[in-house]
$ cat my_file33.cif   # mmCIF, C-alpha atoms
data_work
loop_
_atom_site.group_PDB
_atom_site.id
_atom_site.type_symbol
_atom_site.label_atom_id
_atom_site.label_comp_id
_atom_site.auth_asym_id
_atom_site.auth_seq_id
_atom_site.Cartn_x
_atom_site.Cartn_y
_atom_site.Cartn_z
ATOM 1 C CA MET Z 14 -21.617 -11.939 9.870
ATOM 2 C CA ALA Z 15 -20.374 -13.743 6.802
ATOM 3 C CA ASN Z 16 -23.318 -12.246 4.903
ATOM 4 C CA GLU Z 17 -22.239 -8.741 5.970
ATOM 5 C CA MET Z 18 -25.641 -8.056 7.510
ATOM 6 C CA PHE Z 19 -24.277 -6.332 10.617
ATOM 7 C CA HIS Z 20 -22.243 -3.155 10.389
ATOM 8 C CA HIS Z 21 -22.323 -1.732 13.920
ATOM 9 C CA TYR Z 22 -20.915 -4.167 16.456
ATOM 10 C CA ASP Z 23 -17.907 -4.522 18.732
ATOM 11 C CA ARG Z 24 -15.411 -5.786 16.162
ATOM 12 C CA ALA Z 25 -12.572 -6.229 18.657
ATOM 13 C CA ARG Z 26 -14.755 -8.317 21.001
ATOM 14 C CA ILE Z 27 -16.012 -10.576 18.200
ATOM 15 C CA ALA Z 28 -12.460 -10.958 16.877
ATOM 16 C CA MET Z 29 -11.206 -11.926 20.328
ATOM 17 C CA LEU Z 30 -13.980 -14.523 20.689
ATOM 18 C CA CYS Z 31 -13.171 -15.935 17.237
ATOM 19 C CA GLU Z 32 -9.497 -16.116 18.153
ATOM 20 C CA LYS Z 33 -10.266 -17.972 21.407
ATOM 21 C CA ALA Z 34 -12.466 -20.426 19.503
ATOM 22 C CA GLY Z 35 -9.626 -21.187 17.071
ATOM 23 C CA LEU Z 36 -11.188 -19.322 14.131
ATOM 24 C CA ALA Z 37 -8.094 -17.339 13.182
ATOM 25 C CA ALA Z 38 -9.319 -16.417 9.700
ATOM 26 C CA ARG Z 39 -12.557 -14.967 11.086
ATOM 27 C CA ALA Z 40 -10.615 -13.105 13.766
ATOM 28 C CA LEU Z 41 -8.433 -11.494 11.089
ATOM 29 C CA GLU Z 42 -11.537 -10.249 9.281
ATOM 30 C CA HIS Z 43 -12.700 -8.391 12.396
ATOM 31 C CA TYR Z 44 -9.472 -6.968 13.800
ATOM 32 C CA GLU Z 45 -8.557 -3.428 12.803
ATOM 33 C CA ASN Z 46 -5.332 -3.079 14.803
ATOM 34 C CA VAL Z 47 -2.192 -4.249 12.972
ATOM 35 C CA ASP Z 48 -0.612 -5.590 16.162
ATOM 36 C CA ASP Z 49 -3.642 -7.813 16.761
ATOM 37 C CA MET Z 50 -3.512 -9.022 13.160
ATOM 38 C CA LYS Z 51 0.165 -9.902 13.485
ATOM 39 C CA ARG Z 52 -0.535 -11.845 16.697
ATOM 40 C CA VAL Z 53 -3.241 -13.898 14.967
ATOM 41 C CA MET Z 54 -1.040 -14.496 11.930
ATOM 42 C CA LEU Z 55 1.445 -16.353 14.116
ATOM 43 C CA ARG Z 56 -0.964 -19.281 13.934
ATOM 44 C CA THR Z 57 -0.761 -19.724 10.165
ATOM 45 C CA GLU Z 58 -1.504 -23.436 10.463
ATOM 46 C CA LEU Z 59 -5.118 -22.445 11.253
ATOM 47 C CA ILE Z 60 -5.448 -20.080 8.272
ATOM 48 C CA PRO Z 61 -5.734 -21.293 4.669
ATOM 49 C CA PRO Z 62 -3.049 -19.697 2.452
ATOM 50 C CA GLU Z 63 -5.675 -18.648 -0.115
ATOM 51 C CA PHE Z 64 -7.492 -16.689 2.581
ATOM 52 C CA LEU Z 65 -4.286 -14.910 3.597
ATOM 53 C CA VAL Z 66 -3.541 -13.949 -0.008
ATOM 54 C CA LYS Z 67 -7.015 -12.410 -0.393
ATOM 55 C CA PHE Z 68 -6.870 -10.823 3.058
ATOM 56 C CA PHE Z 69 -3.655 -8.937 2.268
ATOM 57 C CA GLY Z 70 -5.419 -7.460 -0.756
ATOM 58 C CA THR Z 71 -7.939 -5.781 1.549
ATOM 59 C CA LEU Z 72 -5.308 -4.103 3.737
ATOM 60 C CA SER Z 73 -3.626 -0.794 3.066
ATOM 61 C CA VAL Z 74 -0.204 -1.066 1.452
ATOM 62 C CA GLU Z 75 1.637 -0.069 4.638
ATOM 63 C CA ASN Z 76 -0.245 -2.574 6.800
ATOM 64 C CA ALA Z 77 0.127 -5.349 4.229
ATOM 65 C CA VAL Z 78 3.883 -4.819 3.974
ATOM 66 C CA GLU Z 79 4.213 -4.753 7.753
ATOM 67 C CA CYS Z 80 2.244 -8.003 8.108
ATOM 68 C CA LEU Z 81 4.149 -9.712 5.282
ATOM 69 C CA ASN Z 82 7.441 -8.757 6.938
ATOM 70 C CA HIS Z 83 6.139 -10.130 10.221
ATOM 71 C CA LEU Z 84 5.199 -13.430 8.574
ATOM 72 C CA LEU Z 85 8.668 -13.781 7.084
ATOM 73 C CA ARG Z 86 10.421 -12.869 10.344
ATOM 74 C CA THR Z 87 8.454 -15.331 12.463
ATOM 75 C CA ASN Z 88 8.601 -18.445 10.264
ATOM 76 C CA MET Z 89 10.108 -17.962 6.823
ATOM 77 C CA ARG Z 90 10.066 -21.633 5.867
ATOM 78 C CA GLN Z 91 6.332 -22.020 6.470
ATOM 79 C CA ASN Z 92 5.169 -18.597 5.217
ATOM 80 C CA LEU Z 93 7.423 -17.917 2.231
ATOM 81 C CA GLN Z 94 5.054 -19.498 -0.306
ATOM 82 C CA THR Z 95 2.111 -17.423 0.941
ATOM 83 C CA VAL Z 96 4.129 -14.201 0.785
ATOM 84 C CA VAL Z 97 5.306 -14.981 -2.758
ATOM 85 C CA GLN Z 98 1.738 -15.729 -3.870
ATOM 86 C CA ARG Z 99 0.578 -12.390 -2.476
ATOM 87 C CA LEU Z 100 3.376 -10.458 -4.108
ATOM 88 C CA ARG Z 101 2.629 -12.048 -7.484
ATOM 89 C CA ARG Z 102 -0.944 -10.773 -7.404
ATOM 90 C CA PRO Z 103 -1.148 -6.993 -7.924
ATOM 91 C CA SER Z 104 -3.298 -4.993 -5.551
ATOM 92 C CA PRO Z 105 -6.390 -3.156 -6.848
ATOM 93 C CA ALA Z 106 -4.617 0.165 -6.257
ATOM 94 C CA ALA Z 107 -1.669 -0.948 -8.384
ATOM 95 C CA LYS Z 108 -4.036 -2.089 -11.136
ATOM 96 C CA SER Z 109 -5.722 1.320 -11.217
ATOM 97 C CA ARG Z 110 -2.334 3.105 -11.369
ATOM 98 C CA VAL Z 111 -1.250 0.932 -14.302
ATOM 99 C CA ARG Z 112 -4.574 1.493 -16.043
ATOM 100 C CA ALA Z 113 -4.273 5.259 -15.533
ATOM 101 C CA ALA Z 114 -0.710 5.257 -16.870
ATOM 102 C CA TRP Z 115 -1.825 3.516 -20.065
ATOM 103 C CA MET Z 116 -4.767 5.848 -20.531
ATOM 104 C CA CYS Z 117 -2.781 9.044 -19.902
ATOM 105 C CA PRO Z 118 0.670 8.826 -21.459
ATOM 106 C CA PRO Z 119 3.177 11.533 -20.548
ATOM 107 C CA PRO Z 120 3.272 14.603 -22.800
ATOM 108 C CA LEU Z 121 5.510 14.379 -25.856
ATOM 109 C CA SER Z 122 7.689 17.263 -24.747
ATOM 110 C CA HIS Z 123 8.524 15.359 -21.580
ATOM 111 C CA GLY Z 124 9.471 12.290 -23.628
ATOM 112 C CA ARG Z 125 11.676 14.319 -25.944
ATOM 113 C CA ALA Z 126 13.508 15.876 -23.032
ATOM 114 C CA LEU Z 127 14.114 12.459 -21.520
ATOM 115 C CA SER Z 128 15.369 11.021 -24.800
ATOM 116 C CA ARG Z 129 17.719 14.037 -25.270
ATOM 117 C CA ARG Z 130 19.146 13.505 -21.787
ATOM 118 C CA TRP Z 131 19.551 9.781 -22.427
ATOM 119 C CA ARG Z 132 21.306 10.379 -25.747
ATOM 120 C CA ALA Z 133 23.591 12.967 -24.144
ATOM 121 C CA SER Z 134 24.473 10.618 -21.298
ATOM 122 C CA THR Z 135 25.252 7.684 -23.614
ATOM 123 C CA ARG Z 136 26.765 9.615 -26.508
ATOM 124 C CA ASN Z 137 30.409 8.835 -25.782
ATOM 125 C CA SER Z 138 29.988 5.890 -23.483
ATOM 126 C CA TRP Z 139 31.305 3.512 -26.143
ATOM 127 C CA ALA Z 140 34.384 5.613 -26.922
ATOM 128 C CA PRO Z 141 37.629 4.391 -25.371
ATOM 129 C CA THR Z 142 38.991 6.530 -22.580
ATOM 130 C CA SER Z 143 42.607 7.598 -22.513
#

$ encode --input "my_file33.cif" --output "structure tokens"
Amino acid sequence: MANEMFHHYDRARIAMLCEKAGLAARALEHYENVDDMKRVMLRTELIPPEFLVKFFGTLSVENAVECLNHLLRTNMRQNLQTVVQRLRRPSPAAKSRVRAAWMCPPPLSHGRALSRRWRASTRNSWAPTS
């Protein structure tokens, strides 16, 4: 399974067997339900922090945030470093958004309108009020 040879199998059953055998990291790879993932993550002493950081990168943003919140709520002292490491590393989706923003800057007219509004809002901000 580590070689990704099998694609059609009972993922929940394999994940449950891995969890019973004490292979929490393998169980996380097979679970698709967020509640099951959160249950397995309670045993963070069995999961290497590097694995967790990579694993959160494979989840959707909503599921990753939910699991990170769960880790902090259950044992902040033990899991804080892992959560910080994950938040330091941008997700692939965030990288593509940043790349797209650099490749497609906003139109100049939009920038001029923003700068006009900014100048108008700060024009007399330095003047003393009476």

$ axis_aligned_box --input "my_file33.cif" --around "segment 33-44 of chain Z" --padding-each-side "6 Å" --output "JSON"
{"center_x": -10.4, "center_y": -14.1, "center_z": 15.3, "size_x": 16.6, "size_y": 26.2, "size_z": 24.1}

$ residues_around --input "my_file33.cif" --residues "Asn92 of chain Z" --least-positions-apart "6" --cutoff "10 Å" --atoms "only C-alpha atoms" --output "PyMOL selection string"
chain Z and resi 55+57-58+62+81+83-86

$ closest_residue --input "my_file33.cif" --among "Z:Arg102, Z:Val96, Z:Leu59, Z:Gln91" --to "Ala34 of chain Z" --atoms "all atoms listed in the file"
Z:Leu59

$ atom_distance --input "my_file33.cif" --atom1 "atom CA of Gln98 of chain Z" --atom2 "atom CA of Lys51 of chain Z"
18.4 Å

$ closest_residue --input "my_file33.cif" --among "Z:Val74, Z:Met54, Z:Ala37, Z:Val47" --to "Thr95 of chain Z" --atoms "all atoms listed in the file"
Z:Met54

$ decode --input "my_file33.cif" --residues "segment 55-76 of chain Z" --atoms "N, CA and C atoms" --output "mmCIF file, in the first residue's frame"
data_model
loop_
_atom_site.group_PDB
_atom_site.id
_atom_site.type_symbol
_atom_site.label_atom_id
_atom_site.label_comp_id
_atom_site.auth_asym_id
_atom_site.auth_seq_id
_atom_site.Cartn_x
_atom_site.Cartn_y
_atom_site.Cartn_z
ATOM 1 N N LEU Z 55 -5.392 12.027 18.421
ATOM 2 C CA LEU Z 55 -5.246 12.125 19.871
ATOM 3 C C LEU Z 55 -3.993 11.398 20.349
ATOM 4 N N ARG Z 56 -3.547 10.436 19.575
ATOM 5 C CA ARG Z 56 -2.361 9.658 19.953
ATOM 6 C C ARG Z 56 -1.138 10.188 19.204
ATOM 7 N N THR Z 57 -0.828 11.457 19.426
ATOM 8 C CA THR Z 57 0.272 12.091 18.693
ATOM 9 C C THR Z 57 1.637 11.533 19.082
ATOM 10 N N GLU Z 58 1.717 10.836 20.204
ATOM 11 C CA GLU Z 58 3.013 10.247 20.568
ATOM 12 C C GLU Z 58 3.401 9.126 19.611
ATOM 13 N N LEU Z 59 2.424 8.563 18.881
ATOM 14 C CA LEU Z 59 2.703 7.502 17.914
ATOM 15 C C LEU Z 59 2.988 8.031 16.512
ATOM 16 N N ILE Z 60 2.785 9.340 16.298
ATOM 17 C CA ILE Z 60 2.908 9.908 14.955
ATOM 18 C C ILE Z 60 4.077 10.877 14.929
ATOM 19 N N PRO Z 61 5.021 10.696 14.011
ATOM 20 C CA PRO Z 61 6.130 11.656 13.907
ATOM 21 C C PRO Z 61 5.617 13.037 13.495
ATOM 22 N N PRO Z 62 6.132 14.108 14.099
ATOM 23 C CA PRO Z 62 5.659 15.454 13.753
ATOM 24 C C PRO Z 62 5.847 15.790 12.281
ATOM 25 N N GLU Z 63 6.924 15.303 11.660
ATOM 26 C CA GLU Z 63 7.157 15.580 10.243
ATOM 27 C C GLU Z 63 6.040 14.984 9.386
ATOM 28 N N PHE Z 64 5.579 13.792 9.778
ATOM 29 C CA PHE Z 64 4.486 13.166 9.042
ATOM 30 C C PHE Z 64 3.228 14.013 9.153
ATOM 31 N N LEU Z 65 2.926 14.492 10.363
ATOM 32 C CA LEU Z 65 1.725 15.305 10.551
ATOM 33 C C LEU Z 65 1.777 16.577 9.718
ATOM 34 N N VAL Z 66 2.951 17.203 9.659
ATOM 35 C CA VAL Z 66 3.083 18.441 8.878
ATOM 36 C C VAL Z 66 2.790 18.162 7.406
ATOM 37 N N LYS Z 67 3.336 17.074 6.870
ATOM 38 C CA LYS Z 67 3.069 16.717 5.470
ATOM 39 C C LYS Z 67 1.623 16.292 5.272
ATOM 40 N N PHE Z 68 1.067 15.578 6.249
ATOM 41 C CA PHE Z 68 -0.298 15.082 6.131
ATOM 42 C C PHE Z 68 -1.294 16.230 6.044
ATOM 43 N N PHE Z 69 -1.089 17.286 6.832
ATOM 44 C CA PHE Z 69 -2.010 18.423 6.785
ATOM 45 C C PHE Z 69 -1.964 19.111 5.425
ATOM 46 N N GLY Z 70 -0.853 19.007 4.721
ATOM 47 C CA GLY Z 70 -0.760 19.578 3.388
ATOM 48 C C GLY Z 70 -1.616 18.845 2.369
ATOM 49 N N THR Z 71 -1.984 17.601 2.653
ATOM 50 C CA THR Z 71 -2.802 16.836 1.717
ATOM 51 C C THR Z 71 -4.299 17.036 1.948
ATOM 52 N N LEU Z 72 -4.662 17.587 3.094
ATOM 53 C CA LEU Z 72 -6.076 17.788 3.420
ATOM 54 C C LEU Z 72 -6.606 19.062 2.783
ATOM 55 N N SER Z 73 -7.920 19.148 2.679
ATOM 56 C CA SER Z 73 -8.523 20.408 2.249
ATOM 57 C C SER Z 73 -8.312 21.441 3.358
ATOM 58 N N VAL Z 74 -8.441 22.701 3.018
ATOM 59 C CA VAL Z 74 -8.180 23.767 3.976
ATOM 60 C C VAL Z 74 -9.123 23.658 5.174
ATOM 61 N N GLU Z 75 -10.402 23.402 4.920
ATOM 62 C CA GLU Z 75 -11.375 23.315 6.006
ATOM 63 C C GLU Z 75 -11.049 22.162 6.950
ATOM 64 N N ASN Z 76 -10.733 20.995 6.384
ATOM 65 C CA ASN Z 76 -10.404 19.839 7.217
ATOM 66 C C ASN Z 76 -9.104 20.050 7.974
#
